[in-house]
file upload19.txt (compact mmCIF, C-alpha atoms)
# COMPACT_ATOMS: atom_id res chain seq x y z
CA MET A 1327 28.39 -29.59 -104.45
CA ALA A 1328 29.32 -26.88 -106.94
CA SER A 1329 27.27 -23.77 -106.41
CA GLU A 1330 24.93 -22.67 -109.15
CA LYS A 1331 25.82 -19.85 -111.46
CA PRO A 1332 24.23 -16.59 -110.25
CA LEU A 1333 20.89 -15.88 -111.94
CA ALA A 1334 21.98 -12.34 -112.71
CA ALA A 1335 24.87 -10.00 -112.00
CA VAL A 1336 24.76 -6.34 -113.01
CA THR A 1337 27.16 -3.46 -112.40
CA CYS A 1338 26.22 0.19 -112.90
CA THR A 1339 27.58 3.62 -112.08
CA ALA A 1340 25.66 6.72 -111.02
CA PRO A 1341 26.59 10.39 -110.65
CA VAL A 1342 26.64 12.93 -107.86
CA ASN A 1343 24.28 15.89 -108.27
CA ILE A 1344 24.56 19.37 -106.78
CA ALA A 1345 21.36 21.29 -106.08
CA VAL A 1346 21.22 24.91 -107.24
CA ILE A 1347 17.68 25.27 -105.85
CA LYS A 1348 17.93 23.43 -102.55
CA TYR A 1349 15.80 20.64 -101.12
CA TRP A 1350 15.49 20.98 -97.35
CA GLY A 1351 12.58 19.54 -95.44
CA LYS A 1352 10.13 16.67 -95.89
CA ARG A 1353 6.35 16.78 -95.73
CA ASP A 1354 6.31 12.99 -95.35
CA GLU A 1355 9.23 11.27 -93.63
CA GLU A 1356 8.18 7.74 -94.51
CA LEU A 1357 7.71 8.33 -98.25
CA VAL A 1358 10.47 10.99 -98.38
CA LEU A 1359 8.31 13.70 -99.94
CA PRO A 1360 9.77 17.23 -99.97
CA ILE A 1361 8.16 20.50 -98.84
CA ASN A 1362 9.47 22.17 -102.02
CA SER A 1363 10.71 21.32 -105.51
CA SER A 1364 14.44 21.43 -106.23
CA LEU A 1365 16.77 21.65 -109.22
CA SER A 1366 20.25 20.21 -109.63
CA VAL A 1367 23.23 19.80 -111.92
CA THR A 1368 24.53 16.27 -112.53
CA LEU A 1369 28.33 16.06 -112.24
CA HIS A 1370 30.53 14.01 -114.55
CA GLN A 1371 31.27 10.44 -113.52
CA ASP A 1372 34.87 10.64 -114.71
CA GLN A 1373 35.49 12.59 -111.50
CA LEU A 1374 32.74 11.52 -109.06
CA LYS A 1375 30.67 8.39 -109.13
CA THR A 1376 29.30 5.45 -107.22
CA THR A 1377 29.76 1.97 -108.71
CA THR A 1378 27.36 -0.76 -107.60
CA THR A 1379 27.14 -4.48 -108.35
CA ALA A 1380 24.02 -6.52 -107.56
CA VAL A 1381 23.97 -10.31 -107.81
CA ILE A 1382 20.98 -12.60 -107.28
CA SER A 1383 21.45 -16.31 -106.73
CA LYS A 1384 19.52 -19.29 -105.35
CA ASP A 1385 22.54 -19.98 -103.16
CA PHE A 1386 22.25 -16.83 -101.09
CA THR A 1387 20.56 -17.30 -97.73
CA GLU A 1388 20.12 -13.58 -96.97
CA ASP A 1389 20.36 -10.13 -98.52
CA GLN A 1390 23.81 -8.63 -97.90
CA ILE A 1391 25.44 -5.28 -98.68
CA TRP A 1392 29.03 -4.02 -98.68
CA LEU A 1393 29.93 -0.31 -98.84
CA ASN A 1394 33.49 0.61 -99.75
CA GLY A 1395 34.58 -2.90 -98.79
CA ARG A 1396 32.86 -3.04 -95.38
CA GLU A 1397 29.77 -5.10 -94.75
CA GLU A 1398 26.89 -2.87 -93.59
CA ASP A 1399 23.60 -3.61 -91.85
CA VAL A 1400 21.17 -4.64 -94.57
CA GLY A 1401 18.31 -4.04 -92.13
CA GLN A 1402 18.58 -0.24 -92.14
CA PRO A 1403 15.12 1.13 -92.96
CA ARG A 1404 16.04 3.11 -96.07
CA LEU A 1405 17.83 0.21 -97.67
CA GLN A 1406 14.89 -2.04 -96.87
CA ALA A 1407 12.50 0.52 -98.39
CA CYS A 1408 14.48 0.46 -101.68
CA LEU A 1409 14.58 -3.33 -101.80
CA ARG A 1410 10.88 -3.57 -100.98
CA GLU A 1411 9.95 -0.99 -103.66
CA ILE A 1412 11.99 -2.64 -106.42
CA ARG A 1413 10.72 -6.15 -105.62
CA CYS A 1414 7.19 -4.80 -105.57
CA LEU A 1415 7.69 -3.24 -109.04
CA ALA A 1416 9.22 -6.49 -110.31
CA ARG A 1417 6.23 -8.44 -109.01
CA LYS A 1418 3.80 -6.02 -110.69
CA ARG A 1419 5.66 -6.30 -113.96
CA ARG A 1420 5.68 -10.07 -113.76
CA ASN A 1421 1.95 -10.23 -113.02
CA SER A 1422 1.16 -8.01 -115.99
CA ARG A 1423 3.01 -10.25 -118.45
CA ASP A 1424 2.35 -13.82 -119.58
CA GLY A 1425 5.90 -14.89 -120.17
CA ASP A 1426 8.16 -14.88 -117.12
CA PRO A 1427 11.82 -14.86 -118.12
CA LEU A 1428 13.18 -14.90 -114.53
CA PRO A 1429 10.63 -16.87 -112.52
CA SER A 1430 12.87 -17.50 -109.53
CA SER A 1431 14.59 -14.12 -109.23
CA LEU A 1432 11.96 -12.72 -106.89
CA SER A 1433 12.36 -15.48 -104.32
CA CYS A 1434 16.14 -15.10 -104.41
CA LYS A 1435 18.26 -13.04 -102.07
CA VAL A 1436 20.48 -10.28 -103.42
CA HIS A 1437 24.08 -9.34 -102.64
CA VAL A 1438 25.09 -5.73 -103.28
CA ALA A 1439 28.50 -4.07 -103.23
CA SER A 1440 29.02 -0.36 -103.72
CA VAL A 1441 32.11 1.86 -103.86
CA ASN A 1442 32.52 5.63 -104.16
CA ASN A 1443 35.55 7.20 -105.79
CA PHE A 1444 35.28 10.13 -103.33
CA PRO A 1445 34.90 10.52 -99.52
CA THR A 1446 31.54 9.34 -98.17
CA ALA A 1447 29.47 11.63 -95.90
CA ALA A 1448 31.79 14.59 -96.47
CA GLY A 1449 29.05 16.77 -97.91
CA LEU A 1450 29.75 15.49 -101.43
CA ALA A 1451 26.24 14.11 -101.93
CA SER A 1452 27.40 10.52 -101.58
CA SER A 1453 23.98 9.25 -100.47
CA ALA A 1454 22.35 10.65 -103.62
CA ALA A 1455 24.78 8.87 -105.95
CA GLY A 1456 24.67 5.75 -103.76
CA TYR A 1457 20.91 5.29 -103.70
CA ALA A 1458 20.47 6.29 -107.36
CA CYS A 1459 23.03 3.64 -108.23
CA LEU A 1460 21.35 1.07 -105.99
CA ALA A 1461 17.92 1.74 -107.53
CA TYR A 1462 19.29 1.66 -111.08
CA THR A 1463 21.30 -1.54 -110.53
CA LEU A 1464 18.51 -3.40 -108.72
CA ALA A 1465 16.09 -2.38 -111.49
CA ARG A 1466 18.41 -3.95 -114.07
CA VAL A 1467 18.93 -7.15 -112.09
CA TYR A 1468 15.17 -7.57 -111.45
CA GLY A 1469 14.11 -6.51 -114.96
CA VAL A 1470 12.17 -3.42 -113.83
CA GLU A 1471 11.68 -0.77 -116.53
CA SER A 1472 9.41 1.78 -114.85
CA ASP A 1473 10.31 5.21 -113.44
CA LEU A 1474 12.72 4.75 -110.54
CA SER A 1475 12.20 8.13 -108.85
CA GLU A 1476 10.24 6.55 -106.03
CA VAL A 1477 12.73 3.75 -105.38
CA ALA A 1478 15.72 6.11 -105.27
CA ARG A 1479 13.84 8.73 -103.26
CA ARG A 1480 13.00 6.23 -100.52
CA GLY A 1481 16.74 5.81 -100.00
CA SER A 1482 17.68 9.48 -100.12
CA GLY A 1483 15.45 12.26 -101.42
CA SER A 1484 18.01 13.89 -103.68
CA ALA A 1485 18.94 10.49 -105.14
CA CYS A 1486 16.02 10.70 -107.58
CA ARG A 1487 17.82 13.64 -109.23
CA SER A 1488 20.90 11.45 -109.87
CA LEU A 1489 18.83 9.19 -112.15
CA TYR A 1490 19.33 11.67 -115.01
CA GLY A 1491 22.22 13.54 -116.55
CA GLY A 1492 22.42 17.25 -117.28
CA PHE A 1493 20.05 19.54 -115.38
CA VAL A 1494 17.31 17.88 -113.36
CA GLU A 1495 14.27 19.00 -111.41
CA TRP A 1496 12.60 17.05 -108.63
CA GLN A 1497 8.96 18.04 -108.71
CA MET A 1498 7.63 18.04 -105.16
CA GLY A 1499 4.26 16.69 -106.27
CA GLU A 1500 0.95 17.13 -104.47
CA GLN A 1501 -0.46 13.63 -104.02
CA ALA A 1502 -0.36 12.09 -100.55
CA ASP A 1503 1.04 8.81 -101.96
CA GLY A 1504 3.91 10.68 -103.64
CA LYS A 1505 3.31 9.16 -107.07
CA ASP A 1506 3.77 12.61 -108.66
CA SER A 1507 6.93 13.43 -106.69
CA ILE A 1508 9.36 12.57 -109.47
CA ALA A 1509 12.56 13.71 -111.10
CA ARG A 1510 12.74 14.83 -114.71
CA GLN A 1511 15.46 16.22 -116.95
CA VAL A 1512 15.29 19.95 -117.69
CA ALA A 1513 18.19 19.92 -120.18
CA PRO A 1514 20.71 17.25 -121.24
CA GLU A 1515 24.42 17.31 -120.31
CA SER A 1516 25.31 18.51 -123.81
CA HIS A 1517 23.21 21.67 -123.38
CA TRP A 1518 25.84 23.93 -121.75
CA PRO A 1519 29.28 22.60 -122.70
CA GLU A 1520 31.22 25.61 -121.29
CA LEU A 1521 29.89 25.15 -117.74
CA ARG A 1522 32.49 23.96 -115.22
CA VAL A 1523 32.13 22.81 -111.63
CA LEU A 1524 34.88 23.06 -109.01
CA ILE A 1525 34.54 21.32 -105.67
CA LEU A 1526 36.65 23.01 -103.02
CA VAL A 1527 37.15 20.33 -100.38
CA VAL A 1528 37.51 22.06 -97.04
CA SER A 1529 36.96 19.09 -94.80
CA ALA A 1530 36.42 15.39 -95.40
CA GLU A 1531 35.15 14.92 -91.84
CA LYS A 1532 31.68 13.54 -91.14
CA LYS A 1533 29.29 16.39 -90.38
CA LEU A 1534 28.01 17.26 -86.91
CA THR A 1535 24.30 17.28 -87.81
CA GLY A 1536 23.23 14.79 -90.49
CA SER A 1537 20.83 16.01 -93.17
CA THR A 1538 17.90 13.88 -92.06
CA VAL A 1539 18.01 15.11 -88.46
CA GLY A 1540 18.74 18.70 -89.55
CA MET A 1541 15.79 18.77 -91.93
CA ARG A 1542 13.39 17.45 -89.34
CA ALA A 1543 14.48 20.14 -86.85
CA SER A 1544 14.11 22.88 -89.49
CA VAL A 1545 10.62 21.74 -90.50
CA GLU A 1546 9.55 21.71 -86.85
CA THR A 1547 11.06 25.02 -85.75
CA SER A 1548 11.89 27.37 -88.65
CA PRO A 1549 9.18 29.81 -89.82
CA LEU A 1550 11.66 31.01 -92.46
CA LEU A 1551 11.76 27.49 -93.99
CA ARG A 1552 7.97 27.42 -94.37
CA PHE A 1553 8.05 30.88 -96.00
CA ARG A 1554 10.87 29.75 -98.32
CA ALA A 1555 9.01 26.63 -99.45
CA GLU A 1556 5.69 28.35 -100.06
CA SER A 1557 6.61 31.87 -101.19
CA VAL A 1558 10.15 31.80 -102.61
CA VAL A 1559 11.01 28.48 -104.22
CA PRO A 1560 8.22 28.22 -106.85
CA ALA A 1561 9.32 31.42 -108.65
CA ARG A 1562 12.98 30.47 -108.26
CA MET A 1563 12.37 27.08 -109.90
CA ALA A 1564 10.89 28.79 -112.95
CA GLU A 1565 13.65 31.40 -113.08
CA MET A 1566 16.42 28.79 -112.71
CA ALA A 1567 14.93 26.71 -115.53
CA ARG A 1568 14.93 29.84 -117.71
CA CYS A 1569 18.60 30.63 -116.84
CA ILE A 1570 19.59 27.11 -117.85
CA ARG A 1571 17.49 27.09 -121.01
CA GLU A 1572 19.01 30.42 -122.13
CA ARG A 1573 22.49 29.64 -120.76
CA ASP A 1574 22.34 32.96 -118.90
CA PHE A 1575 25.35 32.51 -116.64
CA PRO A 1576 25.23 35.75 -114.58
CA SER A 1577 21.58 35.19 -113.63
CA PHE A 1578 22.18 31.46 -113.03
CA ALA A 1579 25.15 32.32 -110.80
CA GLN A 1580 23.37 34.96 -108.73
CA LEU A 1581 20.31 32.79 -108.14
CA THR A 1582 22.50 29.83 -107.19
CA MET A 1583 24.31 31.90 -104.54
CA LYS A 1584 21.12 33.45 -103.20
CA ASP A 1585 19.43 30.10 -102.87
CA SER A 1586 22.43 28.57 -101.09
CA ASN A 1587 22.49 31.52 -98.70
CA GLN A 1588 18.79 31.20 -97.99
CA PHE A 1589 19.10 27.49 -97.30
CA HIS A 1590 21.85 28.20 -94.75
CA ALA A 1591 19.73 31.01 -93.29
CA THR A 1592 16.94 28.49 -92.64
CA CYS A 1593 19.50 26.29 -90.86
CA LEU A 1594 20.42 29.24 -88.65
CA ASP A 1595 16.70 29.93 -88.14
CA THR A 1596 16.26 26.37 -86.88
CA PHE A 1597 16.15 26.08 -83.08
CA PRO A 1598 18.65 25.17 -81.75
CA PRO A 1599 20.51 26.59 -84.76
CA ILE A 1600 22.42 24.45 -87.24
CA SER A 1601 25.57 25.69 -88.90
CA TYR A 1602 27.13 23.75 -91.75
CA LEU A 1603 29.53 26.46 -92.93
CA ASN A 1604 32.85 26.99 -91.19
CA ALA A 1605 35.35 29.86 -91.22
CA ILE A 1606 36.94 28.62 -94.46
CA SER A 1607 33.52 28.38 -96.13
CA TRP A 1608 32.96 32.06 -95.29
CA ARG A 1609 36.38 33.03 -96.66
CA ILE A 1610 35.48 31.29 -99.93
CA ILE A 1611 32.19 33.25 -100.05
CA HIS A 1612 34.10 36.54 -99.64
CA LEU A 1613 36.68 35.46 -102.23
CA VAL A 1614 33.94 34.79 -104.80
CA HIS A 1615 32.21 38.13 -104.22
CA ARG A 1616 35.50 40.05 -104.44
CA PHE A 1617 36.52 38.14 -107.57
CA ASN A 1618 33.20 39.07 -109.21
CA ALA A 1619 33.36 42.70 -108.02
CA HIS A 1620 36.86 43.04 -109.48
CA HIS A 1621 35.54 41.90 -112.87
CA GLY A 1622 32.36 43.97 -112.62
CA ASP A 1623 30.48 40.84 -113.64
CA THR A 1624 29.19 37.63 -112.03
CA LYS A 1625 31.78 35.20 -113.34
CA VAL A 1626 31.75 32.69 -110.47
CA ALA A 1627 29.07 31.29 -108.13
CA TYR A 1628 29.25 29.25 -104.93
CA THR A 1629 26.77 26.85 -103.45
CA PHE A 1630 27.05 24.84 -100.22
CA ASP A 1631 25.08 21.76 -99.24
CA ALA A 1632 24.83 20.48 -95.67
CA GLY A 1633 28.58 20.76 -95.10
CA PRO A 1634 31.49 23.19 -95.41
CA ASN A 1635 32.73 22.20 -98.88
CA ALA A 1636 32.13 24.79 -101.57
CA VAL A 1637 30.84 23.89 -105.02
CA ILE A 1638 31.79 26.56 -107.53
CA PHE A 1639 30.13 27.10 -110.92
CA THR A 1640 31.93 29.05 -113.61
CA LEU A 1641 32.58 28.97 -117.36
CA ASP A 1642 35.64 27.29 -118.86
CA ASP A 1643 37.34 30.60 -119.72
CA THR A 1644 37.36 31.66 -116.03
CA VAL A 1645 38.57 28.42 -114.41
CA ALA A 1646 42.32 29.09 -114.60
CA GLU A 1647 42.12 32.59 -113.10
CA PHE A 1648 39.75 31.50 -110.34
CA VAL A 1649 42.00 28.56 -109.42
CA ALA A 1650 44.89 31.03 -109.18
CA ALA A 1651 42.78 33.15 -106.81
CA VAL A 1652 42.02 30.11 -104.64
CA ARG A 1653 45.71 29.16 -104.56
CA HIS A 1654 46.48 32.70 -103.45
CA GLY A 1655 43.85 32.74 -100.68
CA PHE A 1656 44.50 29.17 -99.54
CA PRO A 1657 48.09 28.22 -100.40
CA PRO A 1658 48.27 24.41 -100.74
CA GLY A 1659 50.15 22.53 -98.03
CA SER A 1660 52.60 19.79 -98.92
CA ASN A 1661 50.26 18.46 -101.63
CA GLY A 1662 51.02 21.23 -104.13
CA ASP A 1663 51.18 18.75 -107.02
CA THR A 1664 47.94 16.92 -106.12
CA PHE A 1665 45.99 20.04 -105.13
CA LEU A 1666 44.09 19.96 -108.44
CA LYS A 1667 42.23 16.77 -109.36
CA GLY A 1668 40.02 16.02 -112.34
CA LEU A 1669 40.00 18.06 -115.55
CA GLN A 1670 43.27 19.71 -116.54
CA VAL A 1671 43.67 23.40 -115.75
CA ARG A 1672 46.49 25.38 -117.32
CA PRO A 1673 48.35 27.44 -114.73
CA ALA A 1674 47.51 31.15 -114.92
CA PRO A 1675 49.14 34.11 -113.20
CA LEU A 1676 47.20 36.23 -110.72
CA SER A 1677 47.29 39.90 -111.70
CA ALA A 1678 48.47 42.37 -109.06
CA GLU A 1679 45.12 44.18 -109.42
CA LEU A 1680 43.09 41.05 -108.65
CA GLN A 1681 45.41 40.14 -105.81
CA ALA A 1682 44.84 43.60 -104.30
CA ALA A 1683 41.06 43.32 -104.88
CA LEU A 1684 40.92 40.00 -103.02
CA ALA A 1685 42.49 41.72 -99.99
CA MET A 1686 42.92 38.39 -98.22
CA GLU A 1687 45.37 37.20 -95.62
CA PRO A 1688 46.29 33.77 -96.97
CA THR A 1689 45.02 30.75 -94.99
CA PRO A 1690 47.50 27.96 -95.80
CA GLY A 1691 45.88 24.55 -96.22
CA GLY A 1692 42.34 25.97 -95.78
CA VAL A 1693 41.24 24.27 -99.00
CA LYS A 1694 42.59 20.70 -99.00
CA TYR A 1695 42.16 20.11 -102.73
CA ILE A 1696 40.00 21.06 -105.73
CA ILE A 1697 38.09 18.63 -107.95
CA VAL A 1698 37.54 20.14 -111.40
CA THR A 1699 34.62 18.62 -113.27
CA GLN A 1700 31.74 19.40 -115.63
CA VAL A 1701 28.11 18.48 -116.29
CA GLY A 1702 27.71 14.78 -117.00
CA PRO A 1703 25.34 11.96 -117.98
CA GLY A 1704 23.02 9.83 -115.86
CA PRO A 1705 23.59 6.25 -114.66
CA GLN A 1706 25.47 3.82 -116.92
CA ILE A 1707 25.59 0.03 -117.17
CA LEU A 1708 29.10 -1.47 -117.25
CA ASP A 1709 29.11 -4.44 -119.62
CA ASP A 1710 32.60 -5.68 -118.77
CA PRO A 1711 32.32 -8.59 -116.29
CA CYS A 1712 35.72 -7.54 -114.90
CA ALA A 1713 33.96 -4.45 -113.53
CA HIS A 1714 31.84 -6.53 -111.13
CA LEU A 1715 32.64 -5.78 -107.49
CA LEU A 1716 31.35 -9.19 -106.42
CA GLY A 1717 32.81 -12.51 -107.53
CA PRO A 1718 30.80 -15.52 -108.79
CA ASP A 1719 30.41 -16.58 -105.14
CA GLY A 1720 28.61 -13.31 -104.41
CA LEU A 1721 31.36 -12.02 -102.12
CA PRO A 1722 33.45 -8.87 -102.63
CA LYS A 1723 36.43 -9.48 -104.91
CA PRO A 1724 39.73 -8.94 -103.10
CA ALA A 1725 41.04 -5.44 -103.78
CA ALA A 1726 43.46 -5.59 -106.69
call {"tool": "encode", "arguments": {"input": "upload19.txt", "output": "structure tokens"}}
result
Amino acid sequence: MASEKPLAAVTCTAPVNIAVIKYWGKRDEELVLPINSSLSVTLHQDQLKTTTTAVISKDFTEDQIWLNGREEDVGQPRLQACLREIRCLARKRRNSRDGDPLPSSLSCKVHVASVNNFPTAAGLASSAAGYACLAYTLARVYGVESDLSEVARRGSGSACRSLYGGFVEWQMGEQADGKDSIARQVAPESHWPELRVLILVVSAEKKLTGSTVGMRASVETSPLLRFRAESVVPARMAEMARCIRERDFPSFAQLTMKDSNQFHATCLDTFPPISYLNAISWRIIHLVHRFNAHHGDTKVAYTFDAGPNAVIFTLDDTVAEFVAAVRHGFPPGSNGDTFLKGLQVRPAPLSAELQAALAMEPTPGGVKYIIVTQVGPGPQILDDPCAHLLGPDGLPKPAA
């Protein structure tokens, strides 16, 4: 018997976001509610994105999910929480309307396939893009139109910030049920066109201490983390929003670095201590400070998430010179021609003065490659059926 046509198939993409005021620590593990608010920059999907297809069909006997071509356990609690949330919202929407355009969709099973165009679990915020994309795609396939912060957040806290483009804050909220713990856009992606983001990939290895476990340990053992959440972050959120609103790069850059450093200090204050930065990360930190000191101005900022890769913020007129400084400090290995990925950067010479100011013994191959990108938009729907990752039978299409 020929199988029925799927009831719905939707493919969407979602961006990675990088926090400049860090989220670290939950006050509710189950609902994924944070101990402090956070603020992030959404990166452009031309360089970094997750693509997700969801298909619902009467033919499917169970929910199934594939990540980067491999079938994964659909029973993992966070995935289940997302599915439960979205189906619950779909049910509510259906009950509040007379007409029911997709009566059978809720009883149907869903197949989901997701691919990243960058290494997963390498400290490139893959879970944020992944769960934002999942929430956004499931919402489209189930006809849900409400705020998706809660759905995405149940998958990965920072995922709610990937539901918007530009500059985004995740308000910690105060209610026990988390209904006011939502993401909202502070400024659109068009707001600061000169801003550039460079990801210095130091290691694509999976990290030693995952974020979830690390956070729990910090909340339980770090007095510095409690102080940060209660006494430092609220003023920093307001100041960061001002820096963005006024496009005040030096202040934005300094606050970004200070907040990254404080986050890593709380990791070190955790017992036993957690260290996400490695020797190369520290060399990048020194390189940035020396670069800025040489110019007598804060022209470049670093921030590090729970991993050794550096994310660098700068303005477009500084990119070429900073890339030259990185090439000097970390001469590329055999991949000289593929060392730079993403937006084009014109080669620039490194002045003898700057070279002397950096005062660095080169570490060949320390930085594996650089992804050059900029601020970008939120999730997108792909209308082209060719973009679907799953075929009409609900199974992953063979790789082209």
call {"tool": "residues_around", "arguments": {"input": "upload19.txt", "residues": "Ala1627 (chain A)", "least_positions_apart": "3", "cutoff": "7 Å", "atoms": "all atoms listed in the file", "output": "PyMOL selection string"}}
result
chain A and resi 1579-1580+1582-1583+1614+1638-1640
call {"tool": "atom_distance", "arguments": {"input": "upload19.txt", "atom1": "CA of Pro1675 (chain A)", "atom2": "CA of Glu1647 (chain A)"}}
result
7.2 Å
call {"tool": "atom_distance", "arguments": {"input": "upload19.txt", "atom1": "CA of Cys1408 (chain A)", "atom2": "CA of Arg1479 (chain A)"}}
result
8.4 Å
call {"tool": "closest_atom_pairs", "arguments": {"input": "upload19.txt", "of": "region 1368-1410 of chain A", "to": "region 1465-1477 of chain A", "cutoff": "10 Å", "atoms": "all atoms listed in the file", "output": "Markdown table"}}
result
| residue | atom | partner | partner_atom | distance |
| --- | --- | --- | --- | --- |
| A:Thr1379 | CA | A:Val1467 | CA | 9.4 |
| A:Ala1380 | CA | A:Val1467 | CA | 6.8 |
| A:Val1381 | CA | A:Val1467 | CA | 7.3 |
| A:Ile1382 | CA | A:Val1467 | CA | 7.6 |
| A:Arg1404 | CA | A:Val1477 | CA | 9.9 |
| A:Leu1405 | CA | A:Val1477 | CA | 9.9 |
| A:Ala1407 | CA | A:Val1477 | CA | 7.7 |
| A:Cys1408 | CA | A:Val1477 | CA | 5.3 |
| A:Leu1409 | CA | A:Val1477 | CA | 8.1 |
| A:Arg1410 | CA | A:Val1477 | CA | 8.7 |
call {"tool": "residues_around", "arguments": {"input": "upload19.txt", "residues": "Gly1351 (chain A)", "least_positions_apart": "5", "cutoff": "8 Å", "atoms": "only C-alpha atoms", "output": "JSON, numbers by chain"}}
result
{"A": [1360, 1361, 1362, 1541, 1542, 1544, 1545]}
call {"tool": "closest_residue", "arguments": {"input": "upload19.txt", "among": "A:Val1701, A:Ser1660, A:Cys1712, A:Ala1619", "to": "Leu1684 (chain A)", "atoms": "all atoms listed in the file"}}
result
A:Ala1619
call {"tool": "residues_around", "arguments": {"input": "upload19.txt", "residues": "Val1441 (chain A)", "least_positions_apart": "6", "cutoff": "9 Å", "atoms": "all atoms listed in the file", "output": "list of chain:residue names"}}
result
A:Lys1375, A:Thr1376, A:Thr1377, A:Thr1378, A:Trp1392, A:Leu1393, A:Asn1394, A:Gly1395, A:Gly1456, A:Leu1715
call {"tool": "axis_aligned_box", "arguments": {"input": "upload19.txt", "around": "region 1644-1647 of chain A", "padding_each_side": "3 Å", "output": "JSON"}}
result
{"center_x": 39.8, "center_y": 30.5, "center_z": -114.6, "size_x": 11.0, "size_y": 10.2, "size_z": 8.9}
call {"tool": "atom_distance", "arguments": {"input": "upload19.txt", "atom1": "CA of Gln1497 (chain A)", "atom2": "CA of Ala1509 (chain A)"}}
result
6.1 Å
call {"tool": "closest_residue", "arguments": {"input": "upload19.txt", "among": "A:His1621, A:Arg1672, A:His1370, A:His1590", "to": "Ser1516 (chain A)", "atoms": "only C-alpha atoms"}}
result
A:His1370
call {"tool": "closest_residue", "arguments": {"input": "upload19.txt", "among": "A:Leu1333, A:Gln1390, A:Lys1348, A:Ser1601", "to": "Thr1535 (chain A)", "atoms": "all atoms listed in the file"}}
result
A:Ser1601
call {"tool": "residues_around", "arguments": {"input": "upload19.txt", "residues": "Pro1341 (chain A)", "least_positions_apart": "6", "cutoff": "12 Å", "atoms": "all atoms listed in the file", "output": "PyMOL selection string"}}
result
chain A and resi 1366-1378+1442-1444+1450-1460+1462+1484-1492+1699-1706
call {"tool": "residues_around", "arguments": {"input": "upload19.txt", "residues": "Ile1697 (chain A)", "least_positions_apart": "3", "cutoff": "7 Å", "atoms": "all atoms listed in the file", "output": "PyMOL selection string"}}
result
chain A and resi 1524-1526+1666-1668
call {"tool": "closest_residue", "arguments": {"input": "upload19.txt", "among": "A:Phe1665, A:Trp1518, A:Trp1608, A:Tyr1349", "to": "Asp1631 (chain A)", "atoms": "only C-alpha atoms"}}
result
A:Tyr1349
call {"tool": "closest_residue", "arguments": {"input": "upload19.txt", "among": "A:Asp1354, A:Asp1585, A:Asp1663, A:Asp1399", "to": "Met1566 (chain A)", "atoms": "only C-alpha atoms"}}
result
A:Asp1585
call {"tool": "closest_residue", "arguments": {"input": "upload19.txt", "among": "A:Glu1397, A:His1714, A:Tyr1628, A:Met1498", "to": "Glu1556 (chain A)", "atoms": "all atoms listed in the file"}}
result
A:Met1498
call {"tool": "build_atoms", "arguments": {"input": "upload19.txt", "residues": "region 1559-1567 of chain A", "atoms": "N, CA, C and O atoms", "output": "JSON list (two decimals), in the frame of the given file"}}
result
[["chain", "number", "residue", "atom", "x", "y", "z"],
["A", 1559, "VAL", "N", 10.49, 29.51, -103.31],
["A", 1559, "VAL", "CA", 11.01, 28.48, -104.22],
["A", 1559, "VAL", "C", 10.24, 28.37, -105.55],
["A", 1559, "VAL", "O", 10.87, 28.25, -106.60],
["A", 1560, "PRO", "N", 8.89, 28.43, -105.56],
["A", 1560, "PRO", "CA", 8.22, 28.22, -106.85],
["A", 1560, "PRO", "C", 8.70, 29.18, -107.95],
["A", 1560, "PRO", "O", 9.00, 28.75, -109.07],
["A", 1561, "ALA", "N", 8.84, 30.47, -107.64],
["A", 1561, "ALA", "CA", 9.32, 31.42, -108.65],
["A", 1561, "ALA", "C", 10.78, 31.16, -109.00],
["A", 1561, "ALA", "O", 11.20, 31.31, -110.15],
["A", 1562, "ARG", "N", 11.56, 30.76, -108.00],
["A", 1562, "ARG", "CA", 12.98, 30.47, -108.26],
["A", 1562, "ARG", "C", 13.15, 29.25, -109.16],
["A", 1562, "ARG", "O", 14.06, 29.23, -109.99],
["A", 1563, "MET", "N", 12.30, 28.26, -109.02],
["A", 1563, "MET", "CA", 12.37, 27.08, -109.90],
["A", 1563, "MET", "C", 12.18, 27.51, -111.35],
["A", 1563, "MET", "O", 12.92, 27.09, -112.24],
["A", 1564, "ALA", "N", 11.17, 28.33, -111.59],
["A", 1564, "ALA", "CA", 10.89, 28.79, -112.95],
["A", 1564, "ALA", "C", 12.03, 29.64, -113.49],
["A", 1564, "ALA", "O", 12.46, 29.48, -114.64],
["A", 1565, "GLU", "N", 12.56, 30.52, -112.65],
["A", 1565, "GLU", "CA", 13.65, 31.40, -113.08],
["A", 1565, "GLU", "C", 14.92, 30.60, -113.36],
["A", 1565, "GLU", "O", 15.62, 30.84, -114.34],
["A", 1566, "MET", "N", 15.22, 29.60, -112.50],
["A", 1566, "MET", "CA", 16.42, 28.79, -112.71],
["A", 1566, "MET", "C", 16.31, 27.99, -114.00],
["A", 1566, "MET", "O", 17.28, 27.87, -114.76],
["A", 1567, "ALA", "N", 15.12, 27.46, -114.28],
["A", 1567, "ALA", "CA", 14.93, 26.71, -115.53],
["A", 1567, "ALA", "C", 15.16, 27.63, -116.73],
["A", 1567, "ALA", "O", 15.78, 27.23, -117.72]]
